[in-house]
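To be precise, the following lines are run_37.txt, and they hold compact mmCIF, C-alpha atoms.
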# COMPACT_ATOMS: atom_id res chain seq x y z
CA MET D 1 114.40 76.16 110.29
CA ALA D 2 111.04 77.27 111.63
CA ASP D 3 108.50 78.63 109.17
CA VAL D 4 106.74 81.91 109.87
CA THR D 5 104.70 81.94 106.68
CA GLY D 6 101.51 80.27 107.77
CA GLY D 7 98.23 81.42 109.15
CA VAL D 8 98.06 85.12 108.28
CA GLY D 9 95.77 85.10 105.26
CA ARG D 10 98.16 85.75 102.39
CA GLU D 11 96.47 85.49 99.04
CA GLU D 12 98.57 83.19 96.86
CA ALA D 13 99.21 79.70 98.16
CA GLU D 14 99.33 77.95 94.77
CA ARG D 15 102.46 76.70 93.07
CA ALA D 16 105.11 79.13 91.93
CA PRO D 17 104.83 80.22 88.26
CA ARG D 18 107.24 78.39 85.95
CA THR D 19 107.11 80.26 82.64
CA TRP D 20 108.05 83.84 81.81
CA GLY D 21 104.48 84.61 80.85
CA GLU D 22 103.15 83.36 84.17
CA ARG D 23 105.81 85.20 86.16
CA LEU D 24 105.12 88.55 84.50
CA ARG D 25 101.57 88.43 85.87
CA TYR D 26 102.86 88.22 89.44
CA ILE D 27 105.24 91.19 89.37
CA GLY D 28 104.35 93.69 92.10
CA PRO D 29 106.54 93.84 95.22
CA GLY D 30 109.47 94.90 93.03
CA PHE D 31 107.53 98.02 92.04
CA VAL D 32 106.94 98.70 95.73
CA VAL D 33 110.72 98.55 96.29
CA ALA D 34 111.30 100.87 93.33
CA ALA D 35 108.70 103.42 94.42
CA THR D 36 109.88 103.32 98.04
CA GLY D 37 113.59 103.45 97.32
CA VAL D 38 113.61 106.39 94.91
CA GLY D 39 113.08 109.44 97.09
CA ALA D 40 114.05 113.09 97.12
CA GLY D 41 117.61 112.34 98.24
CA ASP D 42 118.16 109.94 95.35
CA MET D 43 116.81 112.50 92.91
CA VAL D 44 119.19 115.12 94.28
CA SER D 45 122.26 112.87 94.02
CA SER D 46 121.51 111.85 90.43
CA LEU D 47 120.48 115.32 89.31
CA SER D 48 123.54 116.90 90.96
CA ALA D 49 125.81 114.45 89.14
CA GLY D 50 124.19 115.37 85.83
CA THR D 51 124.36 119.08 86.64
CA ASN D 52 128.09 118.99 87.38
CA PHE D 53 129.40 116.32 85.00
CA GLY D 54 126.80 115.70 82.32
CA THR D 55 125.95 112.05 81.68
CA VAL D 56 129.42 110.52 82.15
CA LEU D 57 128.50 109.10 85.57
CA ILE D 58 125.68 106.94 84.23
CA TRP D 59 127.82 103.90 85.04
CA ALA D 60 127.49 104.75 88.75
CA ILE D 61 123.71 104.41 88.51
CA VAL D 62 124.07 100.97 86.93
CA ILE D 63 126.50 99.81 89.64
CA GLY D 64 124.27 101.18 92.39
CA ALA D 65 121.24 99.33 91.02
CA ILE D 66 123.22 96.08 90.77
CA LEU D 67 124.50 96.31 94.34
CA LYS D 68 121.06 97.10 95.77
CA TYR D 69 119.62 94.21 93.74
CA VAL D 70 122.20 91.85 95.25
CA LEU D 71 121.33 92.99 98.77
CA THR D 72 117.57 92.72 98.28
CA GLU D 73 117.84 89.40 96.45
CA GLY D 74 119.85 88.07 99.38
CA LEU D 75 117.11 89.14 101.79
CA GLY D 76 114.44 87.47 99.68
CA ARG D 77 116.49 84.30 99.16
CA TRP D 78 117.17 84.02 102.89
CA TYR D 79 113.44 84.26 103.63
CA MET D 80 112.40 81.68 101.04
CA ALA D 81 115.26 79.25 101.67
CA SER D 82 115.19 79.37 105.48
CA GLY D 83 111.49 79.95 106.13
CA THR D 84 112.37 82.76 108.56
CA THR D 85 112.50 86.52 108.27
CA ILE D 86 115.79 88.42 108.26
CA LEU D 87 115.00 89.64 111.78
CA GLU D 88 115.05 86.06 112.99
CA GLY D 89 118.29 85.56 111.09
CA TRP D 90 119.81 88.51 112.92
CA ARG D 91 118.48 87.19 116.23
CA SER D 92 120.33 83.92 115.56
CA LEU D 93 123.58 85.91 115.52
CA GLY D 94 122.95 87.08 119.06
CA LEU D 95 120.78 89.55 120.93
CA TRP D 96 123.21 92.35 120.07
CA ALA D 97 122.23 92.23 116.38
CA SER D 98 118.51 92.53 117.14
CA LEU D 99 119.03 95.35 119.64
CA TYR D 100 121.36 97.18 117.24
CA PHE D 101 118.73 97.09 114.53
CA VAL D 102 115.72 98.07 116.62
CA ILE D 103 117.59 101.03 118.17
CA TYR D 104 118.74 102.12 114.71
CA LEU D 105 115.18 101.71 113.38
CA LEU D 106 113.63 103.86 116.10
CA ILE D 107 116.16 106.65 115.53
CA VAL D 108 116.16 106.60 111.74
CA THR D 109 112.36 106.44 111.44
CA PHE D 110 112.04 109.49 113.68
CA VAL D 111 114.35 111.51 111.44
CA PHE D 112 113.04 110.00 108.22
CA GLY D 113 109.45 110.66 109.22
CA GLY D 114 110.19 114.38 109.33
CA ALA D 115 112.44 114.39 106.25
CA VAL D 116 110.18 112.62 103.78
CA ILE D 117 107.00 114.53 104.55
CA SER D 118 109.02 117.76 104.23
CA ALA D 119 110.25 116.67 100.79
CA SER D 120 106.68 116.01 99.60
CA ALA D 121 105.62 119.35 101.05
CA LEU D 122 108.32 121.17 99.07
CA ALA D 123 106.76 119.93 95.85
CA THR D 124 103.18 120.83 96.77
CA THR D 125 104.30 124.24 98.04
CA ALA D 126 105.90 124.88 94.64
CA MET D 127 102.80 123.66 92.79
CA PHE D 128 100.35 125.61 94.94
CA PRO D 129 102.24 128.65 96.28
CA GLY D 130 100.53 130.57 99.05
CA VAL D 131 97.79 127.99 99.64
CA MET D 132 99.28 126.58 102.84
CA PRO D 133 102.63 126.82 104.66
CA LEU D 134 105.13 124.03 104.13
CA TRP D 135 104.59 122.56 107.60
CA ALA D 136 100.86 122.16 106.94
CA TRP D 137 101.47 120.34 103.66
CA ALA D 138 103.95 118.11 105.49
CA VAL D 139 101.42 117.23 108.21
CA LEU D 140 98.81 116.36 105.57
CA HIS D 141 101.23 114.02 103.82
CA GLY D 142 102.09 112.29 107.08
CA ILE D 143 98.41 111.76 107.88
CA PHE D 144 97.85 110.48 104.33
CA GLY D 145 100.50 107.79 104.87
CA PHE D 146 99.06 106.92 108.27
CA VAL D 147 95.53 106.45 106.88
CA VAL D 148 96.52 104.42 103.81
CA ILE D 149 98.79 102.03 105.73
CA GLY D 150 96.47 101.98 108.73
CA ILE D 151 93.68 100.52 106.61
CA GLY D 152 95.70 97.30 106.76
CA ARG D 153 95.20 95.97 103.22
CA TYR D 154 98.40 95.03 101.41
CA ARG D 155 96.83 94.79 97.95
CA LEU D 156 95.47 98.33 98.23
CA PHE D 157 98.91 99.51 99.30
CA GLU D 158 100.55 97.73 96.36
CA ARG D 159 98.07 99.16 93.85
CA ILE D 160 98.68 102.70 95.10
CA MET D 161 102.45 102.17 94.83
CA GLU D 162 102.05 100.90 91.27
CA PHE D 163 100.09 104.08 90.49
CA PHE D 164 102.99 106.17 91.80
CA VAL D 165 105.44 104.15 89.69
CA GLY D 166 103.36 104.89 86.60
CA LEU D 167 103.15 108.57 87.52
CA MET D 168 106.91 108.81 88.01
CA PHE D 169 107.53 107.05 84.70
CA VAL D 170 105.20 109.28 82.68
CA THR D 171 106.45 112.54 84.20
CA VAL D 172 110.19 112.26 84.84
CA VAL D 173 111.10 109.65 82.23
CA GLY D 174 108.80 111.40 79.75
CA LEU D 175 110.55 114.71 80.39
CA ALA D 176 113.96 113.11 79.87
CA ILE D 177 112.78 111.73 76.53
CA MET D 178 111.54 115.21 75.55
CA LEU D 179 115.09 116.50 76.10
CA SER D 180 116.33 114.14 73.33
CA PRO D 181 119.59 113.03 74.98
CA ASP D 182 122.46 111.60 72.96
CA LEU D 183 121.84 107.85 73.26
CA GLY D 184 125.31 107.05 71.97
CA GLU D 185 126.87 109.15 74.73
CA LEU D 186 124.70 107.42 77.33
CA ALA D 187 125.69 103.98 76.06
CA LEU D 188 129.36 105.01 76.06
CA GLY D 189 129.07 106.10 79.68
CA ILE D 190 127.94 102.58 80.61
CA VAL D 191 130.43 100.63 78.49
CA ILE D 192 133.45 102.83 79.28
CA PRO D 193 133.23 104.22 82.82
CA ARG D 194 134.84 107.62 83.21
CA ILE D 195 135.71 109.50 86.37
CA PRO D 196 136.23 113.21 85.64
CA GLU D 197 138.33 115.24 88.03
CA GLY D 198 136.35 116.06 91.16
CA SER D 199 133.60 113.55 90.45
CA VAL D 200 134.50 110.75 92.88
CA LEU D 201 132.22 111.91 95.69
CA TYR D 202 129.35 112.46 93.26
CA ALA D 203 129.82 108.96 91.87
CA LEU D 204 129.81 107.47 95.37
CA ALA D 205 126.66 109.43 96.24
CA VAL D 206 124.91 108.11 93.15
CA ILE D 207 125.97 104.50 93.78
CA GLY D 208 125.02 104.65 97.45
CA GLY D 209 121.79 106.49 96.79
CA VAL D 210 120.09 104.15 94.33
CA GLY D 211 117.12 102.70 96.06
CA GLY D 212 116.71 103.10 99.81
CA THR D 213 118.28 102.03 103.12
CA PHE D 214 116.27 100.29 105.86
CA THR D 215 113.38 99.91 103.40
CA LEU D 216 115.34 97.22 101.55
CA ALA D 217 114.83 94.93 104.52
CA SER D 218 111.06 95.33 104.10
CA TYR D 219 110.97 93.42 100.80
CA PRO D 220 110.56 89.93 102.35
CA TYR D 221 107.43 91.11 104.17
CA TRP D 222 105.91 92.35 100.92
CA VAL D 223 106.57 89.07 99.09
CA ARG D 224 105.26 87.25 102.16
CA GLU D 225 101.95 89.05 101.72
CA ARG D 226 101.84 87.66 98.19
CA GLY D 227 102.46 84.13 99.44
CA TRP D 228 105.98 83.79 97.98
CA SER D 229 107.25 81.74 100.87
CA ARG D 230 109.03 78.67 99.50
CA PRO D 231 112.29 78.11 97.61
CA SER D 232 110.28 77.45 94.43
CA TRP D 233 109.42 81.16 94.41
CA ILE D 234 113.05 82.32 94.24
CA PRO D 235 113.10 82.61 90.39
CA MET D 236 109.89 84.67 90.56
CA MET D 237 111.37 86.88 93.24
CA ARG D 238 114.49 87.50 91.15
CA LEU D 239 112.44 88.54 88.11
CA ASP D 240 110.29 90.80 90.27
CA LEU D 241 113.36 92.53 91.70
CA SER D 242 115.01 92.80 88.29
CA VAL D 243 112.01 94.69 86.94
CA GLY D 244 111.88 96.89 90.03
CA TYR D 245 115.55 97.87 89.92
CA LEU D 246 115.43 98.32 86.15
CA PHE D 247 112.77 100.95 86.73
CA THR D 248 114.83 102.48 89.55
CA ALA D 249 117.88 102.76 87.28
CA LEU D 250 115.78 104.19 84.44
CA PHE D 251 114.32 106.84 86.74
CA MET D 252 117.75 107.81 88.07
CA VAL D 253 119.18 107.98 84.54
CA SER D 254 116.30 110.27 83.60
CA MET D 255 117.21 112.60 86.47
CA LEU D 256 120.84 112.52 85.31
CA VAL D 257 119.72 113.50 81.80
CA ILE D 258 117.52 116.32 83.11
CA GLY D 259 120.40 117.74 85.13
CA ALA D 260 122.81 117.42 82.21
CA GLU D 261 120.50 118.89 79.59
CA MET D 262 118.90 121.65 81.65
CA LEU D 263 121.76 122.88 83.84
CA PHE D 264 125.13 121.37 82.88
CA ALA D 265 125.17 123.03 79.46
CA ARG D 266 124.12 126.36 81.01
CA GLY D 267 126.74 126.25 83.75
CA GLU D 268 124.09 126.39 86.47
CA GLY D 269 123.62 124.23 89.54
CA ILE D 270 121.22 123.25 92.30
CA SER D 271 121.42 123.24 96.06
CA GLY D 272 119.43 120.60 97.89
CA GLU D 273 115.73 119.99 97.63
CA GLU D 274 114.83 123.68 97.23
CA GLY D 275 117.09 123.87 94.19
CA LEU D 276 115.55 120.70 92.85
CA VAL D 277 112.07 122.19 93.01
CA ALA D 278 113.39 125.48 91.56
CA LEU D 279 114.53 123.54 88.49
CA SER D 280 110.92 123.68 87.36
CA ASP D 281 111.52 127.32 86.31
CA PRO D 282 114.04 126.65 83.49
CA ILE D 283 111.90 123.68 82.43
CA ARG D 284 108.93 126.05 82.14
CA GLU D 285 111.02 128.48 80.09
CA ARG D 286 112.09 125.78 77.62
CA PHE D 287 108.99 123.58 77.35
CA GLY D 288 106.14 125.51 78.90
CA ALA D 289 104.04 125.26 82.06
CA LEU D 290 102.84 121.71 81.37
CA ALA D 291 106.39 120.28 81.37
CA SER D 292 107.16 122.19 84.58
CA TRP D 293 104.12 120.62 86.22
CA PHE D 294 105.23 117.21 84.98
CA PHE D 295 108.55 117.63 86.76
CA LEU D 296 106.99 118.79 90.02
CA ILE D 297 104.44 115.97 89.93
CA GLY D 298 107.25 113.44 89.36
CA PHE D 299 109.20 114.89 92.28
CA TRP D 300 106.08 114.76 94.46
CA ALA D 301 105.29 111.18 93.42
CA ALA D 302 108.84 110.02 94.24
CA ALA D 303 108.75 111.60 97.69
CA THR D 304 105.19 110.59 98.56
CA SER D 305 105.59 106.97 97.46
CA SER D 306 108.56 106.81 99.83
CA ILE D 307 106.21 107.84 102.65
CA LEU D 308 103.87 104.93 102.03
CA GLY D 309 106.62 102.35 101.51
CA ALA D 310 108.60 103.45 104.55
CA TRP D 311 105.52 103.61 106.80
CA ASN D 312 104.53 100.07 105.83
CA GLY D 313 108.03 98.59 105.81
CA ALA D 314 109.12 100.15 109.10
CA ALA D 315 105.97 98.90 110.82
CA TYR D 316 106.66 95.34 109.69
CA LEU D 317 110.30 95.55 110.74
CA PHE D 318 109.49 96.90 114.19
CA ALA D 319 106.77 94.32 114.85
CA ASP D 320 109.10 91.52 113.78
CA SER D 321 111.91 92.97 115.90
CA VAL D 322 109.70 92.77 118.97
CA ARG D 323 108.67 89.22 118.06
CA THR D 324 112.21 87.97 117.63
CA ILE D 325 113.63 89.75 120.68
CA LEU D 326 110.86 88.27 122.85
CA ARG D 327 111.38 84.83 121.24
CA VAL D 328 107.69 84.55 120.40
CA PRO D 329 106.91 81.03 119.11
CA ASN D 330 106.50 80.80 115.35
CA GLU D 331 102.94 79.53 115.66
CA ARG D 332 102.08 82.98 117.06
CA ALA D 333 104.04 84.92 114.44
CA GLY D 334 100.86 85.96 112.65
CA GLU D 335 99.83 88.06 115.65
CA TYR D 336 102.90 90.22 115.11
CA LEU D 337 103.39 90.10 111.33
CA SER D 338 99.99 91.58 110.60
CA GLU D 339 99.04 95.01 109.28
CA THR D 340 96.38 95.17 111.98
CA GLY D 341 98.63 94.00 114.82
CA LEU D 342 99.44 96.08 117.91
CA TRP D 343 103.18 96.49 117.29
CA PHE D 344 102.63 97.29 113.60
CA ARG D 345 100.20 100.05 114.59
CA LEU D 346 102.51 101.41 117.29
CA MET D 347 105.33 101.91 114.80
CA LEU D 348 102.87 103.50 112.41
CA VAL D 349 102.04 106.06 115.10
CA TRP D 350 105.73 106.56 115.92
CA ILE D 351 106.86 107.27 112.36
CA THR D 352 103.89 109.57 111.66
CA PHE D 353 103.29 111.91 114.58
CA PRO D 354 106.39 112.48 116.77
CA PRO D 355 108.55 113.42 113.71
CA MET D 356 106.16 116.30 113.03
CA LEU D 357 107.92 118.08 115.91
CA LEU D 358 110.96 118.34 113.64
CA LEU D 359 108.98 120.58 111.29
CA THR D 360 109.24 123.37 113.86
CA PHE D 361 112.96 123.68 113.06
CA GLY D 362 112.17 124.72 109.48
CA GLN D 363 115.13 122.80 108.03
CA PRO D 364 113.73 120.22 105.54
CA VAL D 365 117.01 119.81 103.67
CA LEU D 366 118.99 119.23 106.87
CA LEU D 367 116.57 116.45 107.81
CA VAL D 368 117.26 114.68 104.52
CA VAL D 369 121.02 114.99 105.05
CA VAL D 370 120.83 113.59 108.60
CA TYR D 371 118.66 110.70 107.43
CA ALA D 372 121.18 109.84 104.70
CA ALA D 373 123.97 109.88 107.28
CA LEU D 374 122.04 107.53 109.55
CA GLY D 375 121.59 105.13 106.65
CA ALA D 376 125.35 104.73 106.59
CA PHE D 377 125.14 102.79 109.85
CA PHE D 378 122.81 100.17 108.42
CA MET D 379 123.91 99.20 104.91
CA PRO D 380 127.31 97.69 105.89
CA PHE D 381 125.59 95.83 108.76
CA MET D 382 123.04 94.32 106.38
CA ALA D 383 125.65 93.33 103.78
CA PHE D 384 127.93 91.74 106.39
CA THR D 385 125.15 89.72 108.02
CA LEU D 386 123.91 88.51 104.64
CA LEU D 387 127.42 87.29 103.87
CA TRP D 388 127.36 85.21 107.04
CA LEU D 389 123.79 83.94 106.87
CA LEU D 390 123.80 83.04 103.18
CA ASN D 391 127.10 81.17 103.38
CA TRP D 392 126.57 79.27 106.64
CA ARG D 393 122.91 79.21 107.68
CA VAL D 394 121.03 77.91 104.59
CA ASP D 395 121.15 74.66 102.62
CA ARG D 396 124.04 74.43 100.20
CA GLU D 397 121.92 74.86 97.06
CA TYR D 398 120.73 78.27 98.23
CA ARG D 399 124.07 79.64 99.40
CA ASN D 400 125.89 82.52 97.77
CA GLY D 401 127.97 81.94 94.69
CA TRP D 402 131.35 83.60 94.24
CA LEU D 403 129.79 86.54 92.36
CA SER D 404 127.23 87.24 95.09
CA ASN D 405 129.95 87.11 97.74
CA ALA D 406 132.20 89.42 95.74
CA LEU D 407 129.41 91.95 95.24
CA LEU D 408 128.44 91.86 98.92
CA VAL D 409 132.06 92.52 99.91
CA ALA D 410 132.14 95.37 97.38
CA ALA D 411 128.91 96.72 98.90
CA ILE D 412 130.43 96.67 102.39
CA LEU D 413 133.50 98.59 101.25
CA LEU D 414 131.45 101.05 99.23
CA PHE D 415 128.91 101.81 101.95
CA VAL D 416 131.64 102.24 104.56
CA VAL D 417 133.27 104.88 102.33
CA VAL D 418 129.92 106.51 101.53
CA GLY D 419 129.01 106.38 105.20
CA VAL D 420 132.15 108.22 106.27
CA GLN D 421 131.42 110.90 103.67
CA GLU D 422 127.77 111.19 104.74
CA VAL D 423 128.61 111.47 108.42
CA ALA D 424 131.39 113.98 107.72
CA GLY D 425 128.97 116.04 105.65
CA ALA D 426 126.35 116.02 108.37
CA LEU D 427 128.74 117.26 111.07
Would you put the structure from the file into structure tokens?
Amino acid sequence: MADVTGGVGREEAERAPRTWGERLRYIGPGFVVAATGVGAGDMVSSLSAGTNFGTVLIWAIVIGAILKYVLTEGLGRWYMASGTTILEGWRSLGLWASLYFVIYLLIVTFVFGGAVISASALATTAMFPGVMPLWAWAVLHGIFGFVVIGIGRYRLFERIMEFFVGLMFVTVVGLAIMLSPDLGELALGIVIPRIPEGSVLYALAVIGGVGGTFTLASYPYWVRERGWSRPSWIPMMRLDLSVGYLFTALFMVSMLVIGAEMLFARGEGISGEEGLVALSDPIRERFGALASWFFLIGFWAAATSSILGAWNGAAYLFADSVRTILRVPNERAGEYLSETGLWFRLMLVWITFPPMLLLTFGQPVLLVVVYAALGAFFMPFMAFTLLWLLNWRVDREYRNGWLSNALLVAAILLFVVVGVQEVAGAL
């Protein structure tokens, strides 16, 4: 198949690392996936599960991380084994697949653009009450994402995302450790899955909410910027993703613990993002103002890192969609798959400024719910197309094994069920 990896100035063209020590030095795009995928909606689903059922649903977090790993690993393996992006893979299935995705992308980025900046604004409004209205904080966060991604330097973007990962780890994971959870109970919840009465929908929300929707498809562009373009990089890519999703699972487990320890035992609950921010009050009562600030900073970091990752990933996906729909020759791919390219910049404008109109409705939580519902239309599509492409369109040695196929089928069934629930909840 044609190769779209050449000629755009990526920084690592040497051989793929072969030892564990060498590979650990290259880890980076996996942290971008982790920081992008864990947003306000994921925090709500995990915290709500902990609030209502304690820590018994920890197994759902593990399953969710495994399924998202399988999907993202499939995207990376397709790119490295075929030499083409997933957008070109979808184009090979017919024009319908490309048009379906680009229409979905334009709709979901419009809604997501308003939802994610509102989520970040909720945190800053709670940290600095009375300084500015929520809509003003939201606009500032959108402009922040536009400026950082508009600079057009991947390594700067990756470093900032790694900073957010560290901030999320220190604050939210640190707070969960301060709560001294029962480690034996947590381990039991993984080894022996339990489904308490009334917990099925919560478990599905947790599984479906671990780690992003359309942003998963951005991962091949981030490894492309690092020069991981050949099949020899597949082991490195798998380690990178394993570390990223391990962090994602750890962060979600921490939110489960916070919900269980702070609210489940007290018989209290939360309601959407406002309730999530309001959780800082009982944290302040138990541990003091510093711990409350830790929680709010962690919430802000999770939401704001999603802004940067989604802005960058959506811009790549849109530019590549245009390239593949127009059948642009691969020797000109660099003109499109560039952070300074026209189509990249146009999507950056689209996801930043028009969604600010949604702030006039004053419904930040509703925006998050609608975005989650829209995600239900993409995940089964991605899983199904990966099943086809990775069983029929790559060399035999890079095709799916029976376990990968089984997990992709499970992902399709799961996301269809979750999707029906999301859409029903949004109506």
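Applying the 8 Å criterion to (102.0, 120.4, 99.8) in file coordinates and using all atoms listed in the file, one obtains the residues Ser120, Ala121, Leu122, Ala123, Thr124, Thr125, Ala126, Met127, Phe128, Met132, Leu134, Ala136, Trp137, Ala138, Leu140 and His141 of chain D.
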Practice prompt. Name the closest residue to D:Leu183 among the candidates D:Ser254, D:Ser48, D:Thr72, D:Thr352; distances are taken between atoms, counting all atoms listed in the file.
Written response: D:Ser254
Worksheet item: Rounded to one decimal in Å, what is the spacing between atom CA of D:Met236 and atom CA of D:Asn391?
Response: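 Computing the Euclidean distance for atom CA of D:Met236 and atom CA of D:Asn391 yields 21.7 Å.
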Worksheet item: Which residue gives the smallest distance to D:Pro282 among D:Tyr104, D:Trp233, D:Phe295, D:Phe112, with all atoms listed in the file counted?
Response: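 Checking each of D:Tyr104, D:Trp233, D:Phe295, D:Phe112 against D:Pro282, counting all atoms listed in the file, the winner is D:Phe295.
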Wanna dump the stretch 52-79 of chain D-stretch 15-32 of chain D contacts at 12 Å for me, each residue with its shortest atom pair and the distance in Å to one decimal, counting only C-alpha atoms, ordered by chain and number, as a Markdown table?
| residue | atom | partner | partner_atom | distance |
| --- | --- | --- | --- | --- |
| D:Tyr69 | CA | D:Gly30 | CA | 10.2 |
| D:Thr72 | CA | D:Gly30 | CA | 9.9 |
| D:Glu73 | CA | D:Gly30 | CA | 10.6 |
| D:Gly76 | CA | D:Pro29 | CA | 11.1 |
Restricting the output to C-alpha atoms, write the selected residues as a PDB file, in the frame of the given file.
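File written: again.pdb
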ATOM      1  CA  TYR D  69     119.620  94.210  93.740  1.00  0.00           C
ATOM      2  CA  THR D  72     117.570  92.720  98.280  1.00  0.00           C
ATOM      3  CA  GLU D  73     117.840  89.400  96.450  1.00  0.00           C
ATOM      4  CA  GLY D  76     114.440  87.470  99.680  1.00  0.00           C
TER       5      GLY D  76
END
Worksheet entry | Spatial neighbours of stretch 65-67 of chain D, max dist 12 Å, all atoms listed in the file, sep filter under 2 positions, as a count of residues only | 54
Worksheet, complete the sentence: Separating atom CA of D:Ile234 from atom CA of D:Ile151, to the nearest tenth of an Å, is a gap of 29.3 Å
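Remark: for D:Thr84, the closest of the candidate residues D:Ser321, D:Asn312, D:Ser229, D:Thr340 is D:Ser229 (distances computed over only C-alpha atoms).
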Worksheet item: Which distance in Å separates atom CA of D:Gly401 and atom CA of D:Arg77, to one decimal?
Response: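 Distance between the two atoms: 12.5 Å.
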Worksheet entry | Given only C-alpha atoms as the counted atoms, nearest of D:Leu75, D:Ala35, D:Ile258, D:Met161 to D:Thr55 | D:Ile258
Discussion item. Between D:Ile307, D:Ala315, D:Val139, D:Leu386, which residue has the minimum interatomic distance to D:Trp350, considering all atoms listed in the file?
Written reply: D:Ala315
Worksheet item: For D:Ile297, which of D:Val417, D:Leu57, D:Leu167, D:Ile160 is the closest residue, counting all atoms listed in the file?
Response: D:Leu167
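The protein and nucleic acid residues lying at most 8 Å from D:Phe110 are Leu106, Gly114, Trp350, Ile351, Pro354 and Pro355 of chain D, with only C-alpha atoms considered and sequence neighbours fewer than 4 positions away removed.
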Worksheet entry | Expected residue set, 12 Å radius at (95.0, 95.2, 95.0), all atoms listed in the file, as a list of chain:residue names |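 Residues with an atom close enough to that point: D:Glu11, D:Tyr26, D:Gly28, D:Pro29, D:Gly152, D:Arg153, D:Tyr154, D:Arg155, D:Leu156, D:Phe157, D:Glu158, D:Arg159, D:Ile160, D:Met161, D:Glu162, D:Phe163, D:Glu225, D:Arg226.
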